[in-house]
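Taking it in order: structure first as structure tokens, then the write-up.
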Protein chains: 2
Amino acid sequence: MKTEPSQAVEALRRTPVFSGLEPEELAAVARAVVMREVPKGGLLFEEGDEARGFFLLVSGRMKVFKATPDGREQILHFISPGETFAEVALFAGSSYPATAQALAPSRVAAIPREGLFRLVEKNPQLCLNLLAGFARWVRQFNALLAEYAKAVPARVAGYLLAEGMRQHPGTLADGVRVRLGVNKGELAAHLGTVGETLSRAFARLREDGLVEVEEKEIVIRDLAGLRDLAAGGGP
Amino acid sequence: MKTEPSQAVEALRRTPVFSGLEPEELAAVARAVVMREVPKGGLLFEEGDEARGFFLLVSGRMKVFKATPDGREQILHFISPGETFAEVALFAGSSYPATAQALAPSRVAAIPREGLFRLVEKNPQLCLNLLAGFARWVRQFNALLAEYAKAVPARVAGYLLAEGMRQHPGTLADGVRVRLGVNKGELAAHLGTVGETLSRAFARLREDGLVEVEEKEIVIRDLAGLRDLAAGGGP
DNA sequence: CGCCACATTGAAGGCAGTCAAAGGTGGTGG
DNA sequence: CCACCACCTTTGACTGCCTTCAATGTGGCG
């Protein structure tokens with residue numbers, strides 16, 4: 001798959017941040033874009049690096065994480081193709097607050113900050129888009145924070161529901177298969193725990209008849225039960 | 001203290017969100033502002049309420065929290081006079097994602113959303129201010145998330161350092177007194193724990209010679225030790 | 001003086017993290 | 001084709017921190 005200018009414009013237009021922009025403005029952004037390939041395990045940027053721009057994942061899969069004091073990593077987001085990331089860093093300070101690493105060979109479009117700033121100053125629509133994007137971000141963080149107050153099995157249930165909704169919009173029901181898409185170790189880091197505990201959590205969900213576990217796919221057996229668990233959490 | 005229009009304009013001008021606006025624009029905002037008094041314990045808005053605007057705390061003290069499934073409350077922010085809050089709700093959706101309650105008798109300026117939207121569309125500076133504010137928000141959340149990975153005493157140390165920096169900018173040193181400003185129960189909720197555990201955490205900080213505890217004021221005895229604890233956390 | 005909210009301290013129980021070991025899988029090279 | 005190795009996953013045993021329950025102390029306020 002080759003990335004031609006027209007393709008880049010098309011990809012940009014589809015992202016929420018650039019929706020509603022005039023074609024010539026899109027083209028201007030597209031000209032400034034630099035395509036980068038990141039091998040599996042490669043770092044796109046590291047915590048503390050100077051923030052030179054933000055990114056659109058074209059293909060592959062990435063994670064964004066912070067290192068915790070005790071050497072573990074706290075995964076903030078998994079990035080799927082078509083999603084933008086690191087927008088916030090551009091406006092929050094001069095350096096990235098987290099690290100982006102490829103979970104699979106990935107191709108990203110890098111949008112440099114200068115061009116974006118010039119555009120923002122005279123384009124209210126883009127500014128509103130960015131605001132909406134940031135607000136969505138804050139919501140996600142909010143949700144993540146709420147998750148952390150719950151016990152691990154409840155967090156797992158919440159993740160399965162969220163991922164299930166994403167993969168099967170509107171058709172989530174008993175019997176549906178949900179792909180994890182990441183190693184269980186990675187998932188554990190995203191849920192703020194470790195592999196062993198995640199393993200036990202899955203075992204308990206299975207024993208309680210809520211799900212079936214098949215490799216990296218989960219079959220939902222009791223959707224209502226999962227919702228209860230994800231909502232109830234503690235007691 | 002009476003709140004006259006000129007005072008309102010002055011208070012608005014000092015907030016980061018409205019800095020750099022033309023006087024006539026500020027006046028337009030000030031005219032749309034509605035002052036509200038909230039008694040101690042009173043709710044300014046509740047989780048799920050339609051988001052009609054955002055707020056500037058003029059005097060008093062408030063907290064913004066979400067209810068957790070098990071009936072506790074997760075405090076997201078303490079609001080001090082001069083700070084704005086609930087901006088994000090305006091752009092993230094139609095309803096407030098959390099509840100705002102007065103910890104002391106408070107006076108708030110309510111800025112309605114319609115006027116703000118009209119202003120944003122034709123004022124890039126305001127838009128950039130909002131973006132910067134949001135970005136700061138995300139950073140805070142980010143920090144909060146990192147805090148949660150640490151043990152409770154480390155969280156307490158982190159809070160003391162942050163609050164100390166806020167109250168004594170640039171002059172934080174051994175012997176400085178930091179006011180908590182809130183009940184210890186409230187502080188516990190902010191740190192994601194309960195009163196008893198917070199009490200034990202303070203006891204341990206005192207035994208280790210890091211601080212002295214006097215009612216609702218903390219005297220810092222070993223700043224370096226506090227930083228170590230806040231940074232190290234787990235092991 | 002007595003009530004109430006807040007704070008502290010003790011004892012017990014549970015969940016989760018750590019260490020350790022075994023089973024399974026995929027990839028590589030002989 | 002098979003053997004070997006590295007990595008992931010699971011399970012067990014143990015430890016530690018935090019939560020819960022309970023009792024006591026303390027200050028404000030009617």
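So you can find residues: chains in the structure tokens are A, B, ... in the order shown, residues in each start at 1, and ligands are numbered from 1 in order.
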Distance table requested - stretch 52-140 of chain B against stretch 99-121 of chain A, cut-off 8 Å, only C-alpha atoms: one row per qualifying residue with the closest atom pair and its distance in Å to one decimal, ordered by chain and rising residue number, as a Markdown table.
```
| residue | atom | partner | partner_atom | distance |
| --- | --- | --- | --- | --- |
| B:Pro124 | CA | A:Glu121 | CA | 5.5 |
| B:Gln125 | CA | A:Glu121 | CA | 7.6 |
| B:Leu128 | CA | A:Glu121 | CA | 7.9 |
```
Got a sec: who's within 10 Å of C:DG30, counting only C-alpha atoms (C1' of nucleotides), leaving out chain neighbours fewer than 2 positions off, as a ChimeraX atom specification?
/C:28 /D:2-4
Just-selected residues, N, CA and C atoms (P, O5', C5', C4', C3', O3' and C1' of nucleotides) written as an mmCIF file, in the first residue's frame:
```
data_model
loop_
_atom_site.group_PDB
_atom_site.id
_atom_site.type_symbol
_atom_site.label_atom_id
_atom_site.label_comp_id
_atom_site.auth_asym_id
_atom_site.auth_seq_id
_atom_site.Cartn_x
_atom_site.Cartn_y
_atom_site.Cartn_z
ATOM 1 P P DT C 28 11.531 -17.078 12.877
ATOM 2 O "O5'" DT C 28 12.833 -17.895 13.248
ATOM 3 C "C5'" DT C 28 13.388 -17.775 14.559
ATOM 4 C "C4'" DT C 28 14.496 -18.802 14.728
ATOM 5 C "C3'" DT C 28 15.275 -19.096 13.444
ATOM 6 O "O3'" DT C 28 16.671 -18.984 13.678
ATOM 7 C "C1'" DT C 28 14.478 -21.116 14.397
ATOM 8 P P DC D 2 8.408 -35.685 12.736
ATOM 9 O "O5'" DC D 2 9.616 -35.249 13.677
ATOM 10 C "C5'" DC D 2 10.918 -35.770 13.430
ATOM 11 C "C4'" DC D 2 11.942 -34.959 14.200
ATOM 12 C "C3'" DC D 2 11.540 -34.640 15.646
ATOM 13 O "O3'" DC D 2 12.637 -34.869 16.502
ATOM 14 C "C1'" DC D 2 12.128 -32.651 14.519
ATOM 15 P P DA D 3 12.384 -35.131 18.075
ATOM 16 O "O5'" DA D 3 13.527 -34.227 18.700
ATOM 17 C "C5'" DA D 3 14.797 -34.171 18.051
ATOM 18 C "C4'" DA D 3 15.486 -32.869 18.422
ATOM 19 C "C3'" DA D 3 15.321 -32.457 19.889
ATOM 20 O "O3'" DA D 3 16.560 -31.980 20.390
ATOM 21 C "C1'" DA D 3 14.522 -30.731 18.494
ATOM 22 P P DC D 4 16.689 -31.808 21.973
ATOM 23 O "O5'" DC D 4 16.908 -30.238 22.074
ATOM 24 C "C5'" DC D 4 17.698 -29.560 21.090
ATOM 25 C "C4'" DC D 4 17.350 -28.086 21.091
ATOM 26 C "C3'" DC D 4 17.148 -27.491 22.480
ATOM 27 O "O3'" DC D 4 18.047 -26.416 22.668
ATOM 28 C "C1'" DC D 4 15.404 -26.848 21.023
#
```
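Neighbouring residues of B:Arg200 at 9 Å or closer, counting only C-alpha atoms (C1' of nucleotides) and skipping chain neighbours under 4 positions away, are B:Pro153, B:Gly195, B:Glu196, B:Arg204, B:Leu205, C:DT8, C:DT9.
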Restricting it to N, CA and C atoms (P, O5', C5', C4', C3', O3' and C1' of nucleotides), dump the selection as a PDB file, in the first residue's frame.
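For reference, out.pdb as written:
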```pdb
ATOM      1  N   PRO B 153       0.917   6.503  51.488  1.00  0.00           N
ATOM      2  CA  PRO B 153       1.822   7.512  52.025  1.00  0.00           C
ATOM      3  C   PRO B 153       2.509   8.326  50.930  1.00  0.00           C
ATOM      4  N   GLY B 195     -10.644   7.686  55.498  1.00  0.00           N
ATOM      5  CA  GLY B 195     -10.090   8.463  56.594  1.00  0.00           C
ATOM      6  C   GLY B 195      -9.076   7.713  57.433  1.00  0.00           C
ATOM      7  N   GLU B 196      -9.405   6.492  57.798  1.00  0.00           N
ATOM      8  CA  GLU B 196      -8.523   5.733  58.681  1.00  0.00           C
ATOM      9  C   GLU B 196      -7.140   5.539  58.076  1.00  0.00           C
ATOM     10  N   ARG B 204       2.600   7.743  59.914  1.00  0.00           N
ATOM     11  CA  ARG B 204       3.873   7.201  59.466  1.00  0.00           C
ATOM     12  C   ARG B 204       4.818   8.303  59.004  1.00  0.00           C
ATOM     13  N   LEU B 205       4.285   9.287  58.302  1.00  0.00           N
ATOM     14  CA  LEU B 205       5.127  10.412  57.872  1.00  0.00           C
ATOM     15  C   LEU B 205       5.714  11.105  59.105  1.00  0.00           C
TER      16      LEU B 205
ATOM     17  P    DT C   8      -5.964  12.664  62.807  1.00  0.00           P
ATOM     18  O5'  DT C   8      -5.784  11.426  63.789  1.00  0.00           O
ATOM     19  C5'  DT C   8      -5.675  11.656  65.193  1.00  0.00           C
ATOM     20  C4'  DT C   8      -5.919  10.374  65.955  1.00  0.00           C
ATOM     21  C3'  DT C   8      -4.977   9.209  65.605  1.00  0.00           C
ATOM     22  O3'  DT C   8      -4.160   8.956  66.737  1.00  0.00           O
ATOM     23  C1'  DT C   8      -7.237   8.507  65.904  1.00  0.00           C
ATOM     24  P    DT C   9      -2.830   8.082  66.586  1.00  0.00           P
ATOM     25  O5'  DT C   9      -3.339   6.627  66.978  1.00  0.00           O
ATOM     26  C5'  DT C   9      -3.938   6.409  68.259  1.00  0.00           C
ATOM     27  C4'  DT C   9      -4.604   5.048  68.315  1.00  0.00           C
ATOM     28  C3'  DT C   9      -3.779   3.876  67.751  1.00  0.00           C
ATOM     29  O3'  DT C   9      -3.505   2.965  68.803  1.00  0.00           O
ATOM     30  C1'  DT C   9      -6.052   3.757  67.082  1.00  0.00           C
TER      31       DT C   9
END
```
Select residues of chain A: the criterion is any atom within 12 Å of an atom of chain C, counting only C-alpha atoms (C1' of nucleotides); output as a PyMOL selection string.
chain A and resi 150-153+192-198+200-201+215+234-235
Save the residues we just selected, N, CA and C atoms, as a PDB file, in the first residue's frame?
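Result written to out.pdb:
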```
ATOM      1  N   LYS A 150     -12.100   0.474  41.073  1.00  0.00           N
ATOM      2  CA  LYS A 150     -12.769  -0.814  41.149  1.00  0.00           C
ATOM      3  C   LYS A 150     -11.764  -1.963  41.277  1.00  0.00           C
ATOM      4  N   ALA A 151     -12.277  -3.119  41.639  1.00  0.00           N
ATOM      5  CA  ALA A 151     -11.434  -4.305  41.744  1.00  0.00           C
ATOM      6  C   ALA A 151     -11.059  -4.779  40.350  1.00  0.00           C
ATOM      7  N   VAL A 152     -10.006  -5.573  40.264  1.00  0.00           N
ATOM      8  CA  VAL A 152      -9.484  -5.977  38.963  1.00  0.00           C
ATOM      9  C   VAL A 152     -10.523  -6.697  38.098  1.00  0.00           C
ATOM     10  N   PRO A 153     -11.263  -7.689  38.615  1.00  0.00           N
ATOM     11  CA  PRO A 153     -12.246  -8.342  37.742  1.00  0.00           C
ATOM     12  C   PRO A 153     -13.254  -7.357  37.168  1.00  0.00           C
ATOM     13  N   GLY A 192      -3.753  -1.476  34.817  1.00  0.00           N
ATOM     14  CA  GLY A 192      -3.089  -1.099  36.060  1.00  0.00           C
ATOM     15  C   GLY A 192      -2.767  -2.271  36.957  1.00  0.00           C
ATOM     16  N   THR A 193      -2.500  -3.429  36.384  1.00  0.00           N
ATOM     17  CA  THR A 193      -2.182  -4.597  37.200  1.00  0.00           C
ATOM     18  C   THR A 193      -1.085  -5.392  36.509  1.00  0.00           C
ATOM     19  N   VAL A 194      -0.895  -6.627  36.903  1.00  0.00           N
ATOM     20  CA  VAL A 194       0.156  -7.452  36.320  1.00  0.00           C
ATOM     21  C   VAL A 194      -0.452  -8.700  35.693  1.00  0.00           C
ATOM     22  N   GLY A 195       0.338  -9.394  34.914  1.00  0.00           N
ATOM     23  CA  GLY A 195      -0.157 -10.538  34.180  1.00  0.00           C
ATOM     24  C   GLY A 195      -0.825 -11.595  35.043  1.00  0.00           C
ATOM     25  N   GLU A 196      -0.177 -11.927  36.135  1.00  0.00           N
ATOM     26  CA  GLU A 196      -0.717 -12.983  36.989  1.00  0.00           C
ATOM     27  C   GLU A 196      -2.116 -12.663  37.494  1.00  0.00           C
ATOM     28  N   THR A 197      -2.269 -11.439  37.962  1.00  0.00           N
ATOM     29  CA  THR A 197      -3.571 -11.050  38.511  1.00  0.00           C
ATOM     30  C   THR A 197      -4.637 -11.043  37.422  1.00  0.00           C
ATOM     31  N   LEU A 198      -4.241 -10.566  36.234  1.00  0.00           N
ATOM     32  CA  LEU A 198      -5.197 -10.558  35.128  1.00  0.00           C
ATOM     33  C   LEU A 198      -5.635 -11.982  34.809  1.00  0.00           C
ATOM     34  N   ARG A 200      -5.800 -14.492  36.823  1.00  0.00           N
ATOM     35  CA  ARG A 200      -6.766 -14.928  37.844  1.00  0.00           C
ATOM     36  C   ARG A 200      -8.128 -14.290  37.628  1.00  0.00           C
ATOM     37  N   ALA A 201      -8.136 -13.031  37.208  1.00  0.00           N
ATOM     38  CA  ALA A 201      -9.398 -12.337  36.976  1.00  0.00           C
ATOM     39  C   ALA A 201     -10.179 -13.032  35.863  1.00  0.00           C
ATOM     40  N   GLU A 215      -7.754 -18.312  23.836  1.00  0.00           N
ATOM     41  CA  GLU A 215      -6.561 -17.608  23.380  1.00  0.00           C
ATOM     42  C   GLU A 215      -6.737 -16.118  23.604  1.00  0.00           C
ATOM     43  N   GLY A 234     -16.883  -2.915  43.739  1.00  0.00           N
ATOM     44  CA  GLY A 234     -16.352  -3.249  45.056  1.00  0.00           C
ATOM     45  C   GLY A 234     -17.143  -4.275  45.857  1.00  0.00           C
ATOM     46  N   PRO A 235     -18.313  -3.912  46.356  1.00  0.00           N
ATOM     47  CA  PRO A 235     -19.007  -4.718  47.335  1.00  0.00           C
ATOM     48  C   PRO A 235     -19.760  -5.822  46.662  1.00  0.00           C
TER      49      PRO A 235
END
```
Could you list, as a ChimeraX atom specification, every residue of chain D that has an atom within 9 Å of an atom of chain A, counting only C-alpha atoms (C1' of nucleotides)?
/D:8-11
Output N, CA and C atoms (P, O5', C5', C4', C3', O3' and C1' of nucleotides) for every residue in the selection just made, as a compact mmCIF listing (two decimals), in the first residue's frame.
```
# COMPACT_ATOMS: atom_id res chain seq x y z
P DC D 8 6.73 -12.09 25.63
O5' DC D 8 5.37 -12.88 25.89
C5' DC D 8 4.70 -13.50 24.79
C4' DC D 8 3.70 -14.50 25.31
C3' DC D 8 2.77 -13.97 26.40
O3' DC D 8 1.43 -14.17 25.99
C1' DC D 8 3.68 -16.07 27.02
P DT D 9 0.22 -13.51 26.85
O5' DT D 9 -0.21 -14.71 27.80
C5' DT D 9 -0.57 -15.95 27.21
C4' DT D 9 -0.74 -17.00 28.27
C3' DT D 9 -1.59 -16.59 29.48
O3' DT D 9 -2.79 -17.35 29.47
C1' DT D 9 0.35 -17.80 30.14
P DT D 10 -3.94 -17.09 30.55
O5' DT D 10 -3.63 -18.17 31.67
C5' DT D 10 -3.52 -19.54 31.30
C4' DT D 10 -2.93 -20.34 32.44
C3' DT D 10 -3.67 -20.17 33.79
O3' DT D 10 -4.21 -21.43 34.16
C1' DT D 10 -1.30 -20.10 34.05
P DT D 11 -5.35 -21.50 35.28
O5' DT D 11 -4.51 -21.90 36.57
C5' DT D 11 -3.71 -23.08 36.54
C4' DT D 11 -2.76 -23.10 37.72
C3' DT D 11 -3.38 -22.76 39.08
O3' DT D 11 -3.33 -23.90 39.91
C1' DT D 11 -1.26 -21.71 38.79
```
Quick one: residues within 10 Å of stretch 217-224 of chain B, only C-alpha atoms (C1' of nucleotides) counted, chain neighbours fewer than 4 positions away excluded, as a PyMOL selection string?
chain B and resi 157+160-161+164+172-181+202+205-206+208-213+228-230
Writing out the chosen residues with N, CA and C atoms as a JSON list (two decimals), in the first residue's frame:
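Result written to again-v3.json:
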```json
[["chain", "number", "residue", "atom", "x", "y", "z"],
["B", 157, "ALA", "N", 2.36, 12.36, 50.39],
["B", 157, "ALA", "CA", 3.56, 13.18, 50.19],
["B", 157, "ALA", "C", 3.42, 14.02, 48.93],
["B", 160, "LEU", "N", 1.04, 16.90, 49.55],
["B", 160, "LEU", "CA", 1.65, 17.94, 50.38],
["B", 160, "LEU", "C", 2.62, 18.79, 49.56],
["B", 161, "LEU", "N", 3.39, 18.15, 48.71],
["B", 161, "LEU", "CA", 4.33, 18.89, 47.87],
["B", 161, "LEU", "C", 3.59, 19.80, 46.90],
["B", 164, "GLY", "N", 1.97, 22.54, 48.84],
["B", 164, "GLY", "CA", 3.00, 23.43, 49.35],
["B", 164, "GLY", "C", 3.52, 24.37, 48.26],
["B", 172, "LEU", "N", 9.28, 26.94, 49.01],
["B", 172, "LEU", "CA", 9.01, 25.72, 49.75],
["B", 172, "LEU", "C", 10.31, 25.17, 50.34],
["B", 173, "ALA", "N", 10.31, 25.01, 51.66],
["B", 173, "ALA", "CA", 11.52, 24.53, 52.32],
["B", 173, "ALA", "C", 11.15, 23.89, 53.65],
["B", 174, "ASP", "N", 12.13, 23.30, 54.31],
["B", 174, "ASP", "CA", 11.85, 22.72, 55.62],
["B", 174, "ASP", "C", 11.34, 23.80, 56.57],
["B", 175, "GLY", "N", 10.35, 23.45, 57.37],
["B", 175, "GLY", "CA", 9.80, 24.38, 58.33],
["B", 175, "GLY", "C", 8.56, 25.12, 57.83],
["B", 176, "VAL", "N", 8.30, 25.03, 56.53],
["B", 176, "VAL", "CA", 7.13, 25.71, 55.97],
["B", 176, "VAL", "C", 5.85, 25.00, 56.40],
["B", 177, "ARG", "N", 4.84, 25.80, 56.66],
["B", 177, "ARG", "CA", 3.54, 25.24, 57.06],
["B", 177, "ARG", "C", 2.62, 25.16, 55.85],
["B", 178, "VAL", "N", 2.00, 24.01, 55.64],
["B", 178, "VAL", "CA", 1.06, 23.82, 54.54],
["B", 178, "VAL", "C", -0.33, 23.61, 55.13],
["B", 179, "ARG", "N", -1.25, 24.45, 54.72],
["B", 179, "ARG", "CA", -2.64, 24.30, 55.17],
["B", 179, "ARG", "C", -3.34, 23.26, 54.30],
["B", 180, "LEU", "N", -4.05, 22.36, 54.94],
["B", 180, "LEU", "CA", -4.79, 21.38, 54.17],
["B", 180, "LEU", "C", -6.01, 22.02, 53.53],
["B", 181, "GLY", "N", -6.71, 22.85, 54.28],
["B", 181, "GLY", "CA", -7.84, 23.57, 53.71],
["B", 181, "GLY", "C", -9.10, 22.75, 53.60],
["B", 202, "PHE", "N", -0.45, 9.66, 57.70],
["B", 202, "PHE", "CA", 0.11, 10.84, 58.37],
["B", 202, "PHE", "C", 0.96, 10.42, 59.56],
["B", 205, "LEU", "N", 4.28, 9.29, 58.30],
["B", 205, "LEU", "CA", 5.13, 10.41, 57.87],
["B", 205, "LEU", "C", 5.71, 11.11, 59.10],
["B", 206, "ARG", "N", 4.90, 11.20, 60.16],
["B", 206, "ARG", "CA", 5.38, 11.86, 61.37],
["B", 206, "ARG", "C", 6.46, 11.02, 62.03],
["B", 208, "ASP", "N", 8.45, 8.98, 60.70],
["B", 208, "ASP", "CA", 9.68, 8.99, 59.90],
["B", 208, "ASP", "C", 10.35, 10.36, 59.90],
["B", 209, "GLY", "N", 9.75, 11.31, 60.64],
["B", 209, "GLY", "CA", 10.38, 12.62, 60.75],
["B", 209, "GLY", "C", 10.24, 13.48, 59.51],
["B", 210, "LEU", "N", 9.29, 13.15, 58.65],
["B", 210, "LEU", "CA", 9.14, 13.93, 57.42],
["B", 210, "LEU", "C", 8.31, 15.18, 57.65],
["B", 211, "VAL", "N", 7.32, 15.07, 58.52],
["B", 211, "VAL", "CA", 6.43, 16.21, 58.76],
["B", 211, "VAL", "C", 6.03, 16.25, 60.24],
["B", 212, "GLU", "N", 5.43, 17.38, 60.63],
["B", 212, "GLU", "CA", 4.70, 17.44, 61.89],
["B", 212, "GLU", "C", 3.26, 17.77, 61.57],
["B", 213, "VAL", "N", 2.36, 17.13, 62.28],
["B", 213, "VAL", "CA", 0.95, 17.33, 62.02],
["B", 213, "VAL", "C", 0.34, 18.16, 63.14],
["B", 228, "ASP", "N", 11.52, 12.15, 47.85],
["B", 228, "ASP", "CA", 11.90, 10.76, 47.62],
["B", 228, "ASP", "C", 10.68, 9.84, 47.71],
["B", 229, "LEU", "N", 9.94, 10.03, 48.80],
["B", 229, "LEU", "CA", 8.77, 9.17, 49.01],
["B", 229, "LEU", "C", 7.77, 9.33, 47.88],
["B", 230, "ALA", "N", 7.49, 10.60, 47.51],
["B", 230, "ALA", "CA", 6.50, 10.86, 46.47],
["B", 230, "ALA", "C", 6.95, 10.29, 45.13]]
```
Extract the full set of strand (DSSP E) residues from stretch 28-60 of chain B according to DSSP on the backbone, and format it as a PyMOL selection string.
chain B and resi 34-38+43-45+53-60
Residue set, stretch 82-224 of chain A restricted to helix (DSSP H, G or I), as JSON, numbers by chain:
{"A": [87, 88, 89, 90, 91, 92, 113, 114, 115, 116, 117, 118, 119, 120, 121, 124, 125, 126, 127, 128, 129, 130, 131, 132, 133, 134, 135, 136, 137, 138, 139, 140, 141, 142, 143, 144, 145, 146, 147, 148, 152, 153, 154, 155, 156, 157, 158, 159, 160, 161, 162, 163, 164, 165, 166, 167, 184, 185, 186, 187, 188, 189, 190, 195, 196, 197, 198, 199, 200, 201, 202, 203, 204, 205, 206, 207, 223, 224]}
My list of candidates is A:Lys40, A:His77, A:His168, A:Lys122. Which is closest to chain B when distances are computed with only C-alpha atoms?
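Among A:Lys40, A:His77, A:His168, A:Lys122, it is A:Lys122 that comes nearest to chain B.
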Can you work out which one of A:Leu21, A:Ala162, A:Ala149, A:Leu130 has the shortest atom-to-atom distance to A:Val9, counting only C-alpha atoms?
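For A:Val9, the nearest of the given residues is A:Leu21.
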What residues in chain A lie within 10 Å of chain B, counting only C-alpha atoms, written as a ChimeraX atom specification?
/A:66-72,74,76,87-93,97-98,117,120-125,127-139,141-150,192-193,230-235
